[in-house]
Amino acid sequence: MTKTLIGQRVLRNEDARLLTGLAQFVDDVEIPGLLHAAFLRSDHAHARLVGLDVSAARQRPGVIAVFTAEDMGADWAPGPPLVSPPPTAKDVTFHSRRQVPLVKDKIRHAGEALAVVIAENRYIAEDAVEDILVDLEPLEAVVDLEDAMRPDSPRVHDDLESNLAAHLFQKKGDYDAARQQADLVLRRRILIDRGAAAAMENRGIVADWDEKSQHLTIWDTTQAPIPIRNGTAARLGLSENQVRVIAPFIGGGFGPKMMMFYPEELVIPWAAKKLKRPIKWIEDRRENFYATTQERGQVHDVEIALSKDGRILGLKDIFLHDTGAYDPYGLTIPLNTQCHALGGYDIQNFTTEVSVVFTNKTLVTPVRGAGRPQGIFVIERMLDAAARELGLDPVEIRRRNLIPPTAFPYEHGIIDQAFAPLILDSGNYWPVMEKALEMIGYATFVRDEQPRLRKAGKHVGIGIAPFVESTGVGPYEGARVTVEASGKVFVATGVGTQGQGHFTTFAQVVAEQLGVEVSDVRLVSGDTAEFHWGTGTFASRGAVVAGNAIHAAASIVRRKVLELASKHLETPEDELELEGGRVRVADIPNRSISLAELANLANPLRGAVEPGTEPGLEATAYFGPRYGATAFGVHAMIIEIDPETMMIEIKRYVTVEDCGTVLNPLILEGQIHGGVSLGIGNAYYEKLHYDENGQLLNASFADYLIPSATEMPRIEVGHMETRSPLNELGTKGVGEAGTIPVPALFAQAIENALADRQLEILESPLSPNRLYELTSRKEAG
């Protein structure tokens with residue numbers, strides 16, 4: 001009987017390399033003759049570029065070259081469109097405006113690249129950047145979303161009639177009719193501001209053009225190495241097999257490293273090919289705040305209609321979405337917001353309209369959550385307001401509206417981020433919520449603990465927030481699995497890794513199929529020389545899409561192994577089992593053959609291969625889902641607030657996740673811990689402050705608050721499993737689950753803790769200072 005490995009708490013294969021400094025990151029790449037790049041970036045958010053004088057920089061000793069947009073000549077072109085609505089999309093307006101390699105005429109956000117210096121080392125390059133003289137004509141900046149939509153607002157893109165980047169209207173049912181039948185209609189304005197991904201490792205790229213072999217090798221902190229290869233080859237006039245992109249170990253991706261193409265990814269390979277020298281660029285932290293994409297800025301005008309018993313009759317959400325200076329990611333984020341504003345609830349009537357707005361701020365692309373936290377924040381805030389108005393317990397109003405298990409697959413009647421119908425594939429939501437309530441001790445806390453603590457003068461509160469997470473979207477991923485002559489197994493896949501534990505979970509999938517130890521499976525990911533087709537690591541899709549491709553390839557290899565072993569052992573395949581790297585007869589264990597022997601038999605040096613068969617124990621397979629698998633979860637939290645400082649102490653934090661089949665609980669819990677950490681930052685600490693000129697005022701870790709270990713609680717994680725019917729493994733994604741409900745959870749728990757002040761929170765993120773302002777305003781009012 002093959003040993004079960006899926007679902008086991010297997011320790012991570014990759015940790016030994018990471019902990020001993022043997023893992024390679026982009027900045028570890030050293031090549032003889034390596035040059036270093038530094039970019040001149042705009043201090044202004046909106047300005048016309050009149051001229052650049054780079055003569056002094058070019059004369060500085062150690063400088064090899066200085067390039068501007070003009071120097072790029074015909075090679076200068078905006079980045080490719082990444083995600084645009086398909087021509088068949090209805091009720092959509094979309095103006096595609098993509099980022100440029102180097103500014104040619106107009107600056108559209110602070111930090112935009114104007115020129116690049118290539119020098120013998122980074123110190124010289126940075127000094128030479130200071131030598132460049134810039135002639136600008138400053139323009140009024142477009143910062144506020146609502147002001148940006150005024151007819152008299154300055155335009156970010158002069159060729160457009162306004163700052164409208166896109167517009168999308170969606171509806172299901174008849175909200176107006178539902179509103180007429182409602183016993184209660186509530187309206188709220190909800191404000192959500194920006195934050196940074198703030199990965200531990202900033203972006204970086206090394207490009208090496210070999211003139212003799214006519215081959216370009218790129219090491220890149222990208223979540224999408226194969227699309228980067230394809231796009232780079234096309235831009236440089238090369239064939240795809242002339243370009244190799246390696247995404248080595250990456251110290252956190254969180255979405256911004258999925259962005260294609262950053263200006264640096266356009267410029268550095270071009271410069272390396274032009275100079276015929278390898279070039280390295282590593283982003284510093286200040287650059288990261290200005291030049292790496294951000295997310296979350298939205299303004300919502302929401303209306304919810306309910307019956308007197310708390311049933312949701314309809315929801316209406318009209319909102320603005322800040323896309324920053326360009327919109328390479330199309331409508332991905334606002335579509336996710338629209339879809340997740342429905343939460344896990346049975347809402348039959350829904351009207352939603354989004355206007356995507358250009359501003360003179362850093363580009364917006366997905367950051368862990370990618371529009372989902374905003375949607376969940378909207379529906380959960382509205383339900384909390386409704387519960388107060390109707391005198392219902394917050395848990396009870398949610399229970400009455402959750403989608404029942406008999407309703408799946410649940411078709412919402414609107415489109416999702418892939419412009420495909422939004423369908424929730426499977427779920428059983430209320431038991432997940434019950435488990436979270438039990439783990440946090442909800443009933444006991446509300447009945448006994450909270451009254452006792454309040455009598456003692458403590459401001460303690462509890463919150464509970466359910467959420468859905470669309471995961472595992474297409475189009476596809478692939479993998480190749482090979483049993484080598486040593487009997488060990490090699491796996492290649494196109495997705496990269498940024499800390500998700502792929503080297504372990506994918507190895508578990510393969511090891512279970514082939515009866516080997518997890519440590520005997522070697523995985524290579526994110527190297528286009530090893531695997532040529534795929535999309536990338538994003539949207540909580542690794543375990544779902546790549547995992548099932550790997551499972552499919554391993555299953556084919558398993559069949560080949562059993563077929564060959566059956567002939568050698570003269571035993572029917574159904575009487576054979578794989579374990580310990582051997583195939584053996586089930587009831588005669590001493591009759592066996594090793595995988596190593598079979599691998600050699602499958603690749604003979606003499607004789608003929610039987611017609612219709614393939615040499616080797618190897619297979620390549622692909623997996624593409626019909627539509628994404630939808631995960632569900634519930635977070636619960638108990639907090640105490642210091643009313644003098646508004647500092648929060650998290651006393652208990654509980655999550656219960658249903659992400660289908662759990663491949664490795666240990667790694668799953670690590671993913672959730674990381675997601676909660678980012679979510680806590682999003683909810684109560686991290687906010688990017690722009691002034692009226694588009695200047696970022698807190699572009700350093702001295703001013704931008706990230707939760708540290710002292711703010712992080714112990715996180716208790718519970719699991720439930722509702723297998724997805726969309727894939728063989730039954731998996732759903734979980735990469736963003738830790739983040740999605742946290743702002744809504746914080747708002748509810750804070751309101752509960754400060755119930756005596758009757759505070760209603762309609763914005764995110766908060767902070768101790770902002771909470772103090774809100775409570776002071778409430779008391780003064």
# chains A, B, ... in the order shown; residues from 1 in each chain; ligands from 1
call {"tool": "residues_around", "arguments": {"residues": "segment 129-132 of chain A", "least_positions_apart": "3", "cutoff": "6 Å", "atoms": "only C-alpha atoms", "output": "JSON, numbers by chain"}}
result
{"A": [40, 53, 54, 56, 57, 126]}
call {"tool": "write_last_selection", "arguments": {"atoms": "C-alpha atoms", "output": "PDB file, in the first residue's frame"}}
result
ATOM      1  CA  LEU A  40      17.195  58.840 -12.147  1.00  0.00           C
ATOM      2  CA  ASP A  53      21.515  67.126 -19.634  1.00  0.00           C
ATOM      3  CA  VAL A  54      23.479  63.916 -19.028  1.00  0.00           C
ATOM      4  CA  ALA A  56      28.412  65.482 -16.778  1.00  0.00           C
ATOM      5  CA  ALA A  57      27.211  62.020 -15.783  1.00  0.00           C
ATOM      6  CA  GLU A 126      24.297  56.647  -7.859  1.00  0.00           C
TER       7      GLU A 126
END
call {"tool": "closest_residue", "arguments": {"among": "A:Asn600, A:Thr537, A:Gln748, A:Thr571", "to": "Met637 of chain A", "atoms": "only C-alpha atoms"}}
result
A:Gln748
call {"tool": "atom_distance", "arguments": {"atom1": "atom CA of Asp327 of chain A", "atom2": "atom CA of Lys273 of chain A"}}
result
28.3 Å
call {"tool": "residues_around", "arguments": {"residues": "Leu331 of chain A", "least_positions_apart": "4", "cutoff": "10 Å", "atoms": "only C-alpha atoms", "output": "ChimeraX atom specification"}}
result
/A:83-85,92,94,165-168,321,323,327,335-337,354,356,365,416-419
call {"tool": "write_last_selection", "arguments": {"atoms": "C-alpha atoms", "output": "PDB file, in the first residue's frame"}}
result
ATOM      1  CA  VAL A  83      -4.887  42.234 -18.808  1.00  0.00           C
ATOM      2  CA  SER A  84      -7.418  43.920 -21.074  1.00  0.00           C
ATOM      3  CA  PRO A  85     -11.133  43.199 -21.362  1.00  0.00           C
ATOM      4  CA  VAL A  92     -17.256  48.054 -20.482  1.00  0.00           C
ATOM      5  CA  PHE A  94     -11.512  50.672 -21.113  1.00  0.00           C
ATOM      6  CA  ALA A 165      -9.526  54.788 -17.216  1.00  0.00           C
ATOM      7  CA  ALA A 166     -12.395  52.315 -17.312  1.00  0.00           C
ATOM      8  CA  HIS A 167     -16.049  51.889 -16.485  1.00  0.00           C
ATOM      9  CA  LEU A 168     -17.939  48.672 -15.808  1.00  0.00           C
ATOM     10  CA  HIS A 321     -11.087  52.684  -8.027  1.00  0.00           C
ATOM     11  CA  THR A 323      -5.432  52.763 -10.800  1.00  0.00           C
ATOM     12  CA  ASP A 327      -3.537  50.603 -15.995  1.00  0.00           C
ATOM     13  CA  LEU A 335     -13.772  43.022 -10.736  1.00  0.00           C
ATOM     14  CA  ASN A 336     -12.523  41.123  -7.691  1.00  0.00           C
ATOM     15  CA  THR A 337     -14.042  43.818  -5.503  1.00  0.00           C
ATOM     16  CA  VAL A 354     -17.136  50.966 -10.976  1.00  0.00           C
ATOM     17  CA  VAL A 356     -11.525  53.309 -12.649  1.00  0.00           C
ATOM     18  CA  THR A 365      -1.696  46.282  -9.481  1.00  0.00           C
ATOM     19  CA  ASP A 416     -15.305  37.606 -12.519  1.00  0.00           C
ATOM     20  CA  GLN A 417     -11.742  38.828 -13.042  1.00  0.00           C
ATOM     21  CA  ALA A 418     -11.318  36.493 -16.042  1.00  0.00           C
ATOM     22  CA  PHE A 419     -14.464  37.916 -17.680  1.00  0.00           C
TER      23      PHE A 419
END
call {"tool": "select_by_dssp", "arguments": {"residues": "segment 450-588 of chain A", "states": "alpha helix (DSSP H)", "output": "VMD selection string"}}
result
chain A and resid 450 to 455 502 to 514 547 to 569
call {"tool": "atom_distance", "arguments": {"atom1": "atom CA of Ser555 of chain A", "atom2": "atom CA of Glu614 of chain A"}}
result
15.7 Å
call {"tool": "closest_atom_pairs", "arguments": {"of": "segment 259-322 of chain A", "to": "segment 145-164 of chain A", "cutoff": "10 Å", "atoms": "only C-alpha atoms", "output": "Markdown table"}}
result
| residue | atom | partner | partner_atom | distance |
| --- | --- | --- | --- | --- |
| A:Gly297 | CA | A:Leu145 | CA | 8.7 |
| A:Gln298 | CA | A:Leu145 | CA | 8.1 |
| A:Val299 | CA | A:Leu145 | CA | 7.9 |
| A:Leu320 | CA | A:Leu145 | CA | 7.0 |
| A:His321 | CA | A:Leu145 | CA | 7.7 |
| A:Asp322 | CA | A:Leu145 | CA | 6.6 |
call {"tool": "select_by_dssp", "arguments": {"residues": "segment 79-232 of chain A", "states": "strand (DSSP E or B)", "output": "number ranges by chain"}}
result
A: 92-94, 106-107, 113-119, 133-138, 164-172, 184-192, 195, 204-210, 215-220
call {"tool": "residues_around", "arguments": {"residues": "segment 311-318 of chain A", "least_positions_apart": "5", "cutoff": "6 Å", "atoms": "only C-alpha atoms", "output": "MDAnalysis selection string"}}
result
chainID A and resid 175 178 300:306 349:354
call {"tool": "closest_atom_pairs", "arguments": {"of": "segment 611-687 of chain A", "to": "segment 757-778 of chain A", "cutoff": "10 Å", "atoms": "only C-alpha atoms", "output": "CSV"}}
result
residue,atom,partner,partner_atom,distance
A:Ile641,CA,A:Pro768,CA,9.6
A:Asp642,CA,A:Pro768,CA,9.6
A:Pro643,CA,A:Tyr772,CA,8.3
A:Glu644,CA,A:Tyr772,CA,8.4
A:Thr645,CA,A:Pro768,CA,6.7
A:Met646,CA,A:Pro768,CA,4.8
A:Met647,CA,A:Pro768,CA,5.5
A:Ile648,CA,A:Pro768,CA,7.9
A:Gly679,CA,A:Pro765,CA,9.9
A:Ile680,CA,A:Pro765,CA,9.4
A:Gly681,CA,A:Pro765,CA,8.2
A:Asn682,CA,A:Pro765,CA,5.7
A:Ala683,CA,A:Pro765,CA,4.6
A:Tyr684,CA,A:Leu766,CA,4.5
A:Tyr685,CA,A:Ser767,CA,5.2
A:Glu686,CA,A:Pro765,CA,6.8
A:Lys687,CA,A:Pro765,CA,6.4
call {"tool": "residues_around", "arguments": {"residues": "Gly526 of chain A", "least_positions_apart": "5", "cutoff": "7 Å", "atoms": "only C-alpha atoms", "output": "PyMOL selection string"}}
result
chain A and resi 225+246-248+493-496
call {"tool": "atom_distance", "arguments": {"atom1": "atom CA of Val654 of chain A", "atom2": "atom CA of Gly718 of chain A"}}
result
7.7 Å
call {"tool": "closest_residue", "arguments": {"among": "A:Val557, A:Pro665, A:Ser540, A:Asp43", "to": "Glu618 of chain A", "atoms": "only C-alpha atoms"}}
result
A:Val557
call {"tool": "closest_residue", "arguments": {"among": "A:Arg626, A:His502, A:His44, A:Lys104", "to": "Leu668 of chain A", "atoms": "only C-alpha atoms"}}
result
A:His502
call {"tool": "residues_around", "arguments": {"residues": "Arg97 of chain A", "least_positions_apart": "6", "cutoff": "10 Å", "atoms": "only C-alpha atoms", "output": "ChimeraX atom specification"}}
result
/A:78-81,157,165,325-328,330,358
call {"tool": "closest_residue", "arguments": {"among": "A:His551, A:Arg381, A:Arg9, A:His673", "to": "Leu191 of chain A", "atoms": "only C-alpha atoms"}}
result
A:Arg381
call {"tool": "residues_around", "arguments": {"residues": "Ala198 of chain A", "least_positions_apart": "6", "cutoff": "10 Å", "atoms": "only C-alpha atoms", "output": "mmCIF file with N, CA, C and O atoms, in the first residue's frame"}}
result
data_model
loop_
_atom_site.group_PDB
_atom_site.id
_atom_site.type_symbol
_atom_site.label_atom_id
_atom_site.label_comp_id
_atom_site.auth_asym_id
_atom_site.auth_seq_id
_atom_site.Cartn_x
_atom_site.Cartn_y
_atom_site.Cartn_z
ATOM 1 N N GLY A 252 9.513 37.155 -0.970
ATOM 2 C CA GLY A 252 8.176 37.721 -0.930
ATOM 3 C C GLY A 252 7.779 38.324 -2.258
ATOM 4 O O GLY A 252 8.521 39.113 -2.852
ATOM 5 N N GLY A 253 6.614 37.921 -2.748
ATOM 6 C CA GLY A 253 6.102 38.467 -3.998
ATOM 7 C C GLY A 253 4.894 39.346 -3.746
ATOM 8 O O GLY A 253 4.878 40.526 -4.072
ATOM 9 N N PHE A 254 3.832 38.757 -3.206
ATOM 10 C CA PHE A 254 2.616 39.450 -2.766
ATOM 11 C C PHE A 254 1.862 40.163 -3.879
ATOM 12 O O PHE A 254 1.034 41.022 -3.622
ATOM 13 N N PRO A 256 2.832 42.481 -6.450
ATOM 14 C CA PRO A 256 3.561 43.454 -7.265
ATOM 15 C C PRO A 256 4.653 42.851 -8.143
ATOM 16 O O PRO A 256 4.958 43.402 -9.203
ATOM 17 N N ARG A 285 15.066 50.579 -0.841
ATOM 18 C CA ARG A 285 13.761 50.648 -0.192
ATOM 19 C C ARG A 285 12.992 51.911 -0.575
ATOM 20 O O ARG A 285 11.767 51.873 -0.747
ATOM 21 N N ASN A 288 11.454 51.354 -3.782
ATOM 22 C CA ASN A 288 10.352 50.417 -3.654
ATOM 23 C C ASN A 288 9.046 51.133 -3.321
ATOM 24 O O ASN A 288 7.976 50.786 -3.837
ATOM 25 N N PHE A 289 9.126 52.148 -2.484
ATOM 26 C CA PHE A 289 7.920 52.884 -2.120
ATOM 27 C C PHE A 289 7.360 53.685 -3.296
ATOM 28 O O PHE A 289 6.151 53.888 -3.393
ATOM 29 N N THR A 292 7.503 50.531 -7.045
ATOM 30 C CA THR A 292 6.834 49.224 -7.029
ATOM 31 C C THR A 292 5.341 49.447 -6.813
ATOM 32 O O THR A 292 4.933 50.288 -6.008
ATOM 33 N N GLN A 294 1.327 49.403 -5.979
ATOM 34 C CA GLN A 294 0.610 49.455 -4.696
ATOM 35 C C GLN A 294 -0.852 49.059 -4.935
ATOM 36 O O GLN A 294 -1.240 48.736 -6.052
ATOM 37 N N VAL A 367 -2.089 43.524 -4.905
ATOM 38 C CA VAL A 367 -1.319 43.225 -3.708
ATOM 39 C C VAL A 367 -2.134 42.195 -2.934
ATOM 40 O O VAL A 367 -3.362 42.258 -2.932
ATOM 41 N N LEU A 678 0.068 40.520 7.080
ATOM 42 C CA LEU A 678 -0.156 41.602 6.128
ATOM 43 C C LEU A 678 -1.530 42.231 6.357
ATOM 44 O O LEU A 678 -1.702 43.456 6.262
ATOM 45 N N GLU A 686 -0.657 50.223 8.327
ATOM 46 C CA GLU A 686 -0.024 50.601 7.066
ATOM 47 C C GLU A 686 -0.945 51.454 6.197
ATOM 48 O O GLU A 686 -1.997 51.004 5.770
ATOM 49 N N PHE A 701 10.638 52.999 6.247
ATOM 50 C CA PHE A 701 10.133 52.220 7.370
ATOM 51 C C PHE A 701 10.202 52.989 8.685
ATOM 52 O O PHE A 701 9.694 52.524 9.704
ATOM 53 N N TYR A 704 6.494 54.556 7.704
ATOM 54 C CA TYR A 704 5.449 53.633 7.260
ATOM 55 C C TYR A 704 5.440 52.457 8.233
ATOM 56 O O TYR A 704 6.423 51.715 8.344
ATOM 57 N N ILE A 706 4.867 49.025 9.823
ATOM 58 C CA ILE A 706 4.626 47.619 9.530
ATOM 59 C C ILE A 706 4.563 46.863 10.852
ATOM 60 O O ILE A 706 5.394 47.080 11.739
#
